[in-house]
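J.: Attaching a single structure in structure tokens format; questions to follow.
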There are 2 protein chains.
Amino acid sequence: MRTAFTEMVGVRHPLVGFSRSPGVVAAVSRAGGLGVFAASPYRPEELDAQLAWIEEQAGGRPYGVDLLVPPATEGGADLLATLRAQIPERHVRFVQELLARYGIEAPDPTRGNGASDDTVRGLSPEGVHEILDVTFAHRVALVANGLGTPPRSMLDGGRAHGVPVASLVGAGKHARAQLDLGVDVLVAQGTEAGGHTGTIATMVLTPEVVDLAGGVPVLAAGGIADGRQMAAALALGASGAWCGSVWLNSHEDVTTPVVKQKLVEATSADTVRSRSRTGKPARQLRSAWHDAWDGQEAPEPLPMQQQLLLAKDAWAEIDRAAETGSPGARELESFFVGQVVGAFGELRSAERITEEIVAGCERRLAELARLLG
Amino acid sequence: MRTAFTEMVGVRHPLVGFSRSPGVVAAVSRAGGLGVFAASPYRPEELDAQLAWIEEQAGGRPYGVDLLVPPATEGGADLLATLRAQIPERHVRFVQELLARYGIEAPDPTRGNGASDDTVRGLSPEGVHEILDVTFAHRVALVANGLGTPPRSMLDGGRAHGVPVASLVGAGKHARAQLDLGVDVLVAQGTEAGGHTGTIATMVLTPEVVDLAGGVPVLAAGGIADGRQMAAALALGASGAWCGSVWLNSHEDVTTPVVKQKLVEATSADTVRSRSRTGKPARQLRSAWHDAWDGQEAPEPLPMQQQLLLAKDAWAEIDRAAETGSPGARELESFFVGQVVGAFGELRSAERITEEIVAGCERRLAELARLLG
């Protein structure tokens with residue numbers, strides 16, 4: 001299946017596999033799709049090593065990198081200490097009491113436990129700059145921004161290195177803004193997607209963005225985990241499908257076993273779009289954590305960097321406790337995932353998932369052609 | 001395009017046009033789809049006349065009827081007076097003050113203005129019984145329940161008269177319950193749909209319901225207003241598309257001109273899923289009405305019959321004021337509509353909309369076939 005997107009990035013199948021797991025990224029690229037690596041949580045030297053490993057494992061096939069750059073963030077030398085000092089006492093206490101209720105000790109709020117440091121540093125202007133330097137030093141086929149308008153440095157770097165720049169959009173007005181900036185690929189991400197997402201469904205958003213894009217390739221994201229859904233994405237006018245959640249159901253995914261098991265047991269009705277984990281609305285598996293933040297006594301979630309510090313530090317403790325078999329931690333456990341979680345079954349390899357989605361899509365397109373008689 | 005659904009109901013195109021406007025229903029059937037008439041707001045003798053008119057206008061082509069039967073409702077001789085007496089003073093005052101703020105006088109809460117009487121009566125066991133009697137006395141090709149499990153009388157009547165029974169489902173567990181009861185068609189309605197709707201998007205819900213249905217035909221609903229979206233519905237495994245919102249953008253639709261104009265101006269981000277108009281979560285155009293009900297001071301919406309009485313009576317006054325040019329009424333005005341509202345443009349005839357969706361779908365399927373090379 002050749003589309004404007006496959007031609008642009010040089011892949012066989014119009015399928016992107018977005019993941020924070022290097023093994024998934026390499027496997028998708030090896031199978032003929034485009035693996036895209038979530039680079040934000042890494043320090044520059046770590047990212048460099050990860051990308052080198054992906055390149056080797058992917059055997060020279062194209063892959064991409066995704067950053068999470070919010071429109072405006074704070075930076076500076078004392079960034080982490082400054083941000084931690086801005087977290088209200090009420091929020092610190094709320095998380096401490098919530099974790100305590102489930103038998104987990106929260107980290108010291110003034111210093112945290114380090115779990116969130118790299119992510120939050122990666123969101124600062126300096127952090128973005130460093131990560132982009134590493135990214136463009138590698139042979140990437142696509143660089144994407146997962147959180148709205150790409151920064152000028154990403155667009156300029158893409159131009160300078162001949163790397164197409166993509167951005168995720170959740171509404172028509174955002175698509176217009178990105179197009180004005182000159183992005184090369186738009187990812188129309190529907191509300192059913194995991195992670196940061198808007199309110200408009202893929203079925204409605206994709207053709208709307210395609211009509212606005214004036215020939216710029218559009219990928220559909222959200223609700224795509226099998227061949228029928230990939231065929232639907234192409235039917236909607238997309239030049240390909242961007243899949244994120246489905247890889248959580250793969251062997252290569254690095255999510256903890258407790259979470260992977262909870263995902264298998266979940267139905268499509270078990271996700272929630274909540275600000276409680278990153279400060280911005282993001283779809284994730286609903287757990288006792290979200291019920292608590294939705295409660296009458298809960299404070300409003302904080303802006304992104306502060307809420308990330310609060311939640312990521314807490315999550316390091318939840319993960320640790322869950323791995324030692326804590327039943328309370330299991331109730332709190334969750335991860336970013338879309339509504340396709342309801343279709344999760346036995347773990348498969350990411351390569352096999354890629355092949356099955358593509359083969360299923362081709363089979364469906366052939367069946368649809370026969371409908372025409 | 002022949003599918004299990006077109007064979008079952010005897011239509012040319014796998015496209016349902018669901019509408020409360022008789023002119024739309026007749027036009028869709030005339031154009032080769034299946035018009036389905038929203039019968040709930042009518043008294044039996046009115047419904048009888050409407051169906052006779054539709055039959056004549058559709059020139060003998062198949063059409064269907066949709067009821068809104070909630071799982072359990074109250075009935076009895078003094079139904080309306082009893083229900084009105086159950087509406088808390090706080091709710092009555094809230095609506096009176098809201099309307100007053102926009103320069104509109106609310107109806108006497110103890111007696112209402114009659115606008116809601118037929119709808120609420122139509123939801124009672126006696127009302128459902130009467131409407132089914134009228135429906136089965138006509139040559140309908142499909143009878144559907146728009147609100148969960150069809151009542152026994154609908155399933156038995158369908159069997160006795162050889163009329164397939166359809167039900168709308170918003171989650172996998174509901175699909176299982178309906179299949180156990182023996183429904184003939186499942187309508188998988190995604191969250192992006194107008195009217196009563198769940199939280200799962202069409203892209204995810206449709207294949208999930210298809211996999212559960214074991215050969216029972218499934219229609220996809222929610223987010224379908226053009227040929228690409230109809231092609232996507234078929235790609236997802238549906239035997240056809242169920243469209244409701246798109247007809248609000250037709251000449252034949254009976255919605256007031258003020259609302260139709262607001263719909264044309266709206267974007268796909270301008271809808272809201274709210275309990276404030278019928279007591280159950282229903283997607284509609286967001287207006288000052290919804291902002292007020294979402295406010296800190298607003299009471300929780302009431303159960304279905306009481307909230308319908310409250311809101312429908314109020315809406316009769318809002319509609320009346322809007323038609324005389326009241327700017328306040330225009331701010332409050334709204335109607336049930338899905339996220340496809342963002343694609344509304346100049347009014348077209350319902351026949352032309354049907355033809356364009358079908359032709360667009362066929363064109364898209366042909367293009368997709370060429371992708372396979």
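A note on labels: chains of the structure tokens are A, B, ... as shown, every chain counts residues from 1, and ligands are counted from 1 in their shown order.
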Applying 8 Å and only C-alpha atoms, which residues near Ala26 of chain A remain after dropping the ones on its own chain fewer than 2 positions away? List them as number ranges by chain.
T.: A: 22-24, 28-30, 35, 54-55, 57-58, 63
J.: Once you count only C-alpha atoms, which residues of chain A turn out to be within 8 Å of chain B? Could you give them as a VMD selection string?
T.: chain A and resid 1 to 3 171 191 to 192 199 to 205 207 to 208 223 to 224 228 to 229 231 to 237 268 to 269 339 to 340 343 362 364 to 366 368 to 369 371 to 373
J.: Just to be explicit: take each residue in the selection above, keep N, CA and C atoms, and write the result as a compact mmCIF listing (two decimals), in the first residue's frame.
T.:
# COMPACT_ATOMS: atom_id res chain seq x y z
N MET A 1 0.85 -1.19 0.00
CA MET A 1 0.00 0.00 0.00
C MET A 1 0.88 1.24 0.00
N ARG A 2 0.97 1.90 -1.14
CA ARG A 2 1.78 3.12 -1.23
C ARG A 2 0.90 4.34 -1.05
N THR A 3 1.30 5.21 -0.14
CA THR A 3 0.56 6.46 0.08
C THR A 3 1.58 7.61 0.13
N ALA A 171 -8.00 18.93 17.05
CA ALA A 171 -9.13 19.76 16.61
C ALA A 171 -8.73 20.52 15.35
N THR A 191 -10.35 11.33 20.17
CA THR A 191 -10.50 11.27 21.63
C THR A 191 -10.34 9.87 22.18
N GLU A 192 -10.56 8.84 21.33
CA GLU A 192 -10.45 7.46 21.83
C GLU A 192 -9.01 7.02 22.02
N THR A 199 -11.33 15.99 22.38
CA THR A 199 -12.68 15.46 22.60
C THR A 199 -13.32 14.93 21.32
N ILE A 200 -12.70 15.17 20.17
CA ILE A 200 -13.34 14.82 18.89
C ILE A 200 -12.86 13.44 18.44
N ALA A 201 -13.80 12.60 18.02
CA ALA A 201 -13.48 11.21 17.67
C ALA A 201 -12.75 11.14 16.32
N THR A 202 -11.94 10.09 16.18
CA THR A 202 -11.15 9.85 14.97
C THR A 202 -12.02 9.88 13.70
N MET A 203 -13.21 9.28 13.80
CA MET A 203 -14.14 9.19 12.67
C MET A 203 -14.51 10.58 12.12
N VAL A 204 -14.59 11.55 12.99
CA VAL A 204 -14.97 12.92 12.61
C VAL A 204 -13.73 13.76 12.33
N LEU A 205 -12.71 13.61 13.17
CA LEU A 205 -11.53 14.47 13.09
C LEU A 205 -10.71 14.21 11.83
N PRO A 207 -11.34 13.07 8.56
CA PRO A 207 -11.69 13.75 7.29
C PRO A 207 -11.66 15.27 7.41
N GLU A 208 -11.97 15.78 8.61
CA GLU A 208 -11.93 17.24 8.81
C GLU A 208 -10.50 17.75 8.62
N GLY A 223 -7.98 4.64 18.32
CA GLY A 223 -8.94 3.59 17.99
C GLY A 223 -8.45 2.62 16.94
N ILE A 224 -7.14 2.60 16.67
CA ILE A 224 -6.63 1.73 15.60
C ILE A 224 -5.72 0.66 16.19
N ARG A 228 -9.06 -3.92 10.37
CA ARG A 228 -10.29 -3.23 9.99
C ARG A 228 -10.19 -1.75 10.32
N GLN A 229 -9.62 -1.46 11.49
CA GLN A 229 -9.50 -0.05 11.90
C GLN A 229 -8.47 0.69 11.05
N ALA A 231 -7.94 -0.05 7.90
CA ALA A 231 -8.66 0.17 6.64
C ALA A 231 -9.62 1.35 6.78
N ALA A 232 -10.26 1.46 7.94
CA ALA A 232 -11.17 2.58 8.18
C ALA A 232 -10.41 3.90 8.15
N ALA A 233 -9.21 3.91 8.73
CA ALA A 233 -8.39 5.13 8.72
C ALA A 233 -8.10 5.56 7.29
N LEU A 234 -7.75 4.60 6.44
CA LEU A 234 -7.47 4.92 5.03
C LEU A 234 -8.76 5.38 4.34
N ALA A 235 -9.89 4.74 4.68
CA ALA A 235 -11.18 5.15 4.10
C ALA A 235 -11.50 6.59 4.44
N LEU A 236 -11.12 7.01 5.64
CA LEU A 236 -11.41 8.38 6.09
C LEU A 236 -10.53 9.41 5.38
N GLY A 237 -9.58 8.94 4.59
CA GLY A 237 -8.74 9.87 3.83
C GLY A 237 -7.33 9.98 4.36
N SER A 268 -13.34 -1.83 26.78
CA SER A 268 -13.22 -0.53 26.10
C SER A 268 -13.88 0.60 26.90
N ALA A 269 -14.69 0.23 27.90
CA ALA A 269 -15.36 1.25 28.71
C ALA A 269 -14.53 1.64 29.93
N GLN A 339 -9.10 3.44 24.00
CA GLN A 339 -10.26 2.56 24.16
C GLN A 339 -10.05 1.19 23.50
N VAL A 340 -9.06 1.07 22.62
CA VAL A 340 -8.77 -0.24 22.01
C VAL A 340 -8.32 -1.25 23.05
N ALA A 343 -9.78 -4.72 23.34
CA ALA A 343 -9.48 -5.81 22.40
C ALA A 343 -8.19 -6.54 22.75
N GLU A 362 -5.19 -5.20 4.40
CA GLU A 362 -5.21 -5.55 2.98
C GLU A 362 -6.39 -6.48 2.67
N ARG A 364 -9.21 -6.64 4.31
CA ARG A 364 -10.45 -5.87 4.42
C ARG A 364 -10.67 -5.02 3.16
N LEU A 365 -9.60 -4.40 2.67
CA LEU A 365 -9.73 -3.57 1.46
C LEU A 365 -10.17 -4.43 0.28
N ALA A 366 -9.65 -5.66 0.21
CA ALA A 366 -10.05 -6.56 -0.88
C ALA A 366 -11.53 -6.93 -0.74
N LEU A 368 -13.83 -5.13 0.71
CA LEU A 368 -14.63 -3.93 0.40
C LEU A 368 -14.75 -3.75 -1.12
N ALA A 369 -13.67 -4.05 -1.83
CA ALA A 369 -13.71 -3.91 -3.29
C ALA A 369 -14.78 -4.83 -3.87
N LEU A 371 -17.54 -5.61 -2.49
CA LEU A 371 -18.86 -5.02 -2.20
C LEU A 371 -19.36 -4.23 -3.40
N LEU A 372 -18.42 -3.67 -4.17
CA LEU A 372 -18.81 -2.85 -5.31
C LEU A 372 -19.32 -3.70 -6.47
N GLY A 373 -19.12 -5.02 -6.36
CA GLY A 373 -19.66 -5.94 -7.37
C GLY A 373 -18.80 -5.97 -8.62
J.: Hey, what does DSSP flag as strand (DSSP E) within segment 54-168 of chain B? Can you give it to me as a ChimeraX atom specification?
T.: /B:63-67,142-145,165-168
J.: Hey, what's within 9 Å of segment 81-98 of chain B if we count only C-alpha atoms and toss same-chain stuff fewer than 3 positions away? As a PyMOL selection string, please?
T.: chain B and resi 74+78+101-107+109-112+289+292+297-302+305-307+309-311+314
J.: Taking only C-alpha atoms into account, which of A:Ser274, A:Ser334, A:Ser40, A:Ser167 comes nearest Val185 of chain A?
T.: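 Answer, going by the shortest atom-to-atom distance: A:Ser167.
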J.: Within 10 Å of segment 124-128 of chain A, counting only C-alpha atoms, which residues qualify if same-chain residues fewer than 4 places away don't, as a PyMOL selection string?
T.: chain A and resi 39-40+42-44+67-70+72-77+79+118-120+132-133+151+153-154+305
J.: Take the selection from the previous step and output its residues with N, CA and C atoms, as a PDB file, in the first residue's frame.
T.:
ATOM      1  N   ALA A  39      10.737  10.060  23.049  1.00  0.00           N
ATOM      2  CA  ALA A  39      12.070  10.431  23.529  1.00  0.00           C
ATOM      3  C   ALA A  39      12.060  11.305  24.766  1.00  0.00           C
ATOM      4  N   SER A  40      10.930  11.849  25.141  1.00  0.00           N
ATOM      5  CA  SER A  40      10.903  12.866  26.195  1.00  0.00           C
ATOM      6  C   SER A  40      11.453  12.430  27.544  1.00  0.00           C
ATOM      7  N   TYR A  42      13.967  10.902  28.470  1.00  0.00           N
ATOM      8  CA  TYR A  42      15.384  10.533  28.538  1.00  0.00           C
ATOM      9  C   TYR A  42      16.332  11.721  28.680  1.00  0.00           C
ATOM     10  N   ARG A  43      17.452  11.451  29.337  1.00  0.00           N
ATOM     11  CA  ARG A  43      18.560  12.405  29.314  1.00  0.00           C
ATOM     12  C   ARG A  43      19.253  12.245  27.970  1.00  0.00           C
ATOM     13  N   PRO A  44      19.916  13.313  27.488  1.00  0.00           N
ATOM     14  CA  PRO A  44      20.510  13.268  26.148  1.00  0.00           C
ATOM     15  C   PRO A  44      21.392  12.041  25.906  1.00  0.00           C
ATOM     16  N   LEU A  67       8.682  13.850  20.454  1.00  0.00           N
ATOM     17  CA  LEU A  67       8.921  14.647  21.659  1.00  0.00           C
ATOM     18  C   LEU A  67       7.596  15.143  22.205  1.00  0.00           C
ATOM     19  N   LEU A  68       7.649  15.573  23.453  1.00  0.00           N
ATOM     20  CA  LEU A  68       6.443  16.099  24.087  1.00  0.00           C
ATOM     21  C   LEU A  68       6.760  17.533  24.479  1.00  0.00           C
ATOM     22  N   VAL A  69       6.518  18.452  23.547  1.00  0.00           N
ATOM     23  CA  VAL A  69       6.881  19.837  23.847  1.00  0.00           C
ATOM     24  C   VAL A  69       5.616  20.676  24.003  1.00  0.00           C
ATOM     25  N   PRO A  70       5.317  21.066  25.253  1.00  0.00           N
ATOM     26  CA  PRO A  70       4.154  21.942  25.452  1.00  0.00           C
ATOM     27  C   PRO A  70       4.474  23.335  24.934  1.00  0.00           C
ATOM     28  N   ALA A  72       4.459  26.378  26.102  1.00  0.00           N
ATOM     29  CA  ALA A  72       5.341  27.249  26.883  1.00  0.00           C
ATOM     30  C   ALA A  72       5.665  26.568  28.196  1.00  0.00           C
ATOM     31  N   THR A  73       6.932  26.467  28.505  1.00  0.00           N
ATOM     32  CA  THR A  73       7.324  25.835  29.760  1.00  0.00           C
ATOM     33  C   THR A  73       8.413  26.650  30.418  1.00  0.00           C
ATOM     34  N   GLU A  74       8.599  26.368  31.702  1.00  0.00           N
ATOM     35  CA  GLU A  74       9.645  27.055  32.435  1.00  0.00           C
ATOM     36  C   GLU A  74      10.965  26.300  32.301  1.00  0.00           C
ATOM     37  N   GLY A  75      12.047  27.008  32.504  1.00  0.00           N
ATOM     38  CA  GLY A  75      13.348  26.359  32.495  1.00  0.00           C
ATOM     39  C   GLY A  75      14.225  26.962  33.569  1.00  0.00           C
ATOM     40  N   GLY A  76      15.519  26.917  33.373  1.00  0.00           N
ATOM     41  CA  GLY A  76      16.432  27.521  34.337  1.00  0.00           C
ATOM     42  C   GLY A  76      17.180  26.474  35.136  1.00  0.00           C
ATOM     43  N   ALA A  77      18.230  26.960  35.819  1.00  0.00           N
ATOM     44  CA  ALA A  77      19.148  26.050  36.509  1.00  0.00           C
ATOM     45  C   ALA A  77      18.474  25.317  37.668  1.00  0.00           C
ATOM     46  N   LEU A  79      15.435  24.500  38.049  1.00  0.00           N
ATOM     47  CA  LEU A  79      14.101  24.147  37.580  1.00  0.00           C
ATOM     48  C   LEU A  79      13.345  23.221  38.526  1.00  0.00           C
ATOM     49  N   ASP A 118      13.864  13.558  34.941  1.00  0.00           N
ATOM     50  CA  ASP A 118      14.268  13.601  33.535  1.00  0.00           C
ATOM     51  C   ASP A 118      13.105  14.028  32.634  1.00  0.00           C
ATOM     52  N   THR A 119      11.894  13.528  32.954  1.00  0.00           N
ATOM     53  CA  THR A 119      10.735  13.913  32.151  1.00  0.00           C
ATOM     54  C   THR A 119      10.504  15.412  32.221  1.00  0.00           C
ATOM     55  N   VAL A 120      10.529  15.940  33.435  1.00  0.00           N
ATOM     56  CA  VAL A 120      10.242  17.365  33.597  1.00  0.00           C
ATOM     57  C   VAL A 120      11.358  18.216  33.000  1.00  0.00           C
ATOM     58  N   LEU A 132      16.669  17.493  20.915  1.00  0.00           N
ATOM     59  CA  LEU A 132      16.648  17.703  19.461  1.00  0.00           C
ATOM     60  C   LEU A 132      18.040  17.545  18.860  1.00  0.00           C
ATOM     61  N   ASP A 133      19.058  18.033  19.583  1.00  0.00           N
ATOM     62  CA  ASP A 133      20.441  17.884  19.104  1.00  0.00           C
ATOM     63  C   ASP A 133      20.782  16.412  18.916  1.00  0.00           C
ATOM     64  N   PRO A 151       8.036  23.340  18.448  1.00  0.00           N
ATOM     65  CA  PRO A 151       8.837  24.549  18.657  1.00  0.00           C
ATOM     66  C   PRO A 151       9.603  24.886  17.377  1.00  0.00           C
ATOM     67  N   SER A 153      12.625  25.432  16.937  1.00  0.00           N
ATOM     68  CA  SER A 153      13.883  24.669  16.802  1.00  0.00           C
ATOM     69  C   SER A 153      13.640  23.308  16.153  1.00  0.00           C
ATOM     70  N   MET A 154      12.481  22.701  16.387  1.00  0.00           N
ATOM     71  CA  MET A 154      12.182  21.413  15.762  1.00  0.00           C
ATOM     72  C   MET A 154      11.943  21.598  14.270  1.00  0.00           C
ATOM     73  N   GLN A 305       4.009  20.674  34.372  1.00  0.00           N
ATOM     74  CA  GLN A 305       5.276  20.280  35.001  1.00  0.00           C
ATOM     75  C   GLN A 305       5.112  19.908  36.479  1.00  0.00           C
TER      76      GLN A 305
END
J.: Within 7 Å of Val187 of chain A, counting only C-alpha atoms, which residues show up once you throw out same-chain ones fewer than 4 positions away? Write them as a ChimeraX atom specification, please.
T.: /A:166-169,218-221
J.: Mind checking DSSP for segment 226-283 of chain B and telling me the alpha helix (DSSP H) residues as JSON, numbers by chain?
T.: {"B": [227, 228, 229, 230, 231, 232, 233, 234, 235, 257, 258, 259, 260, 261, 262, 263, 264, 265]}
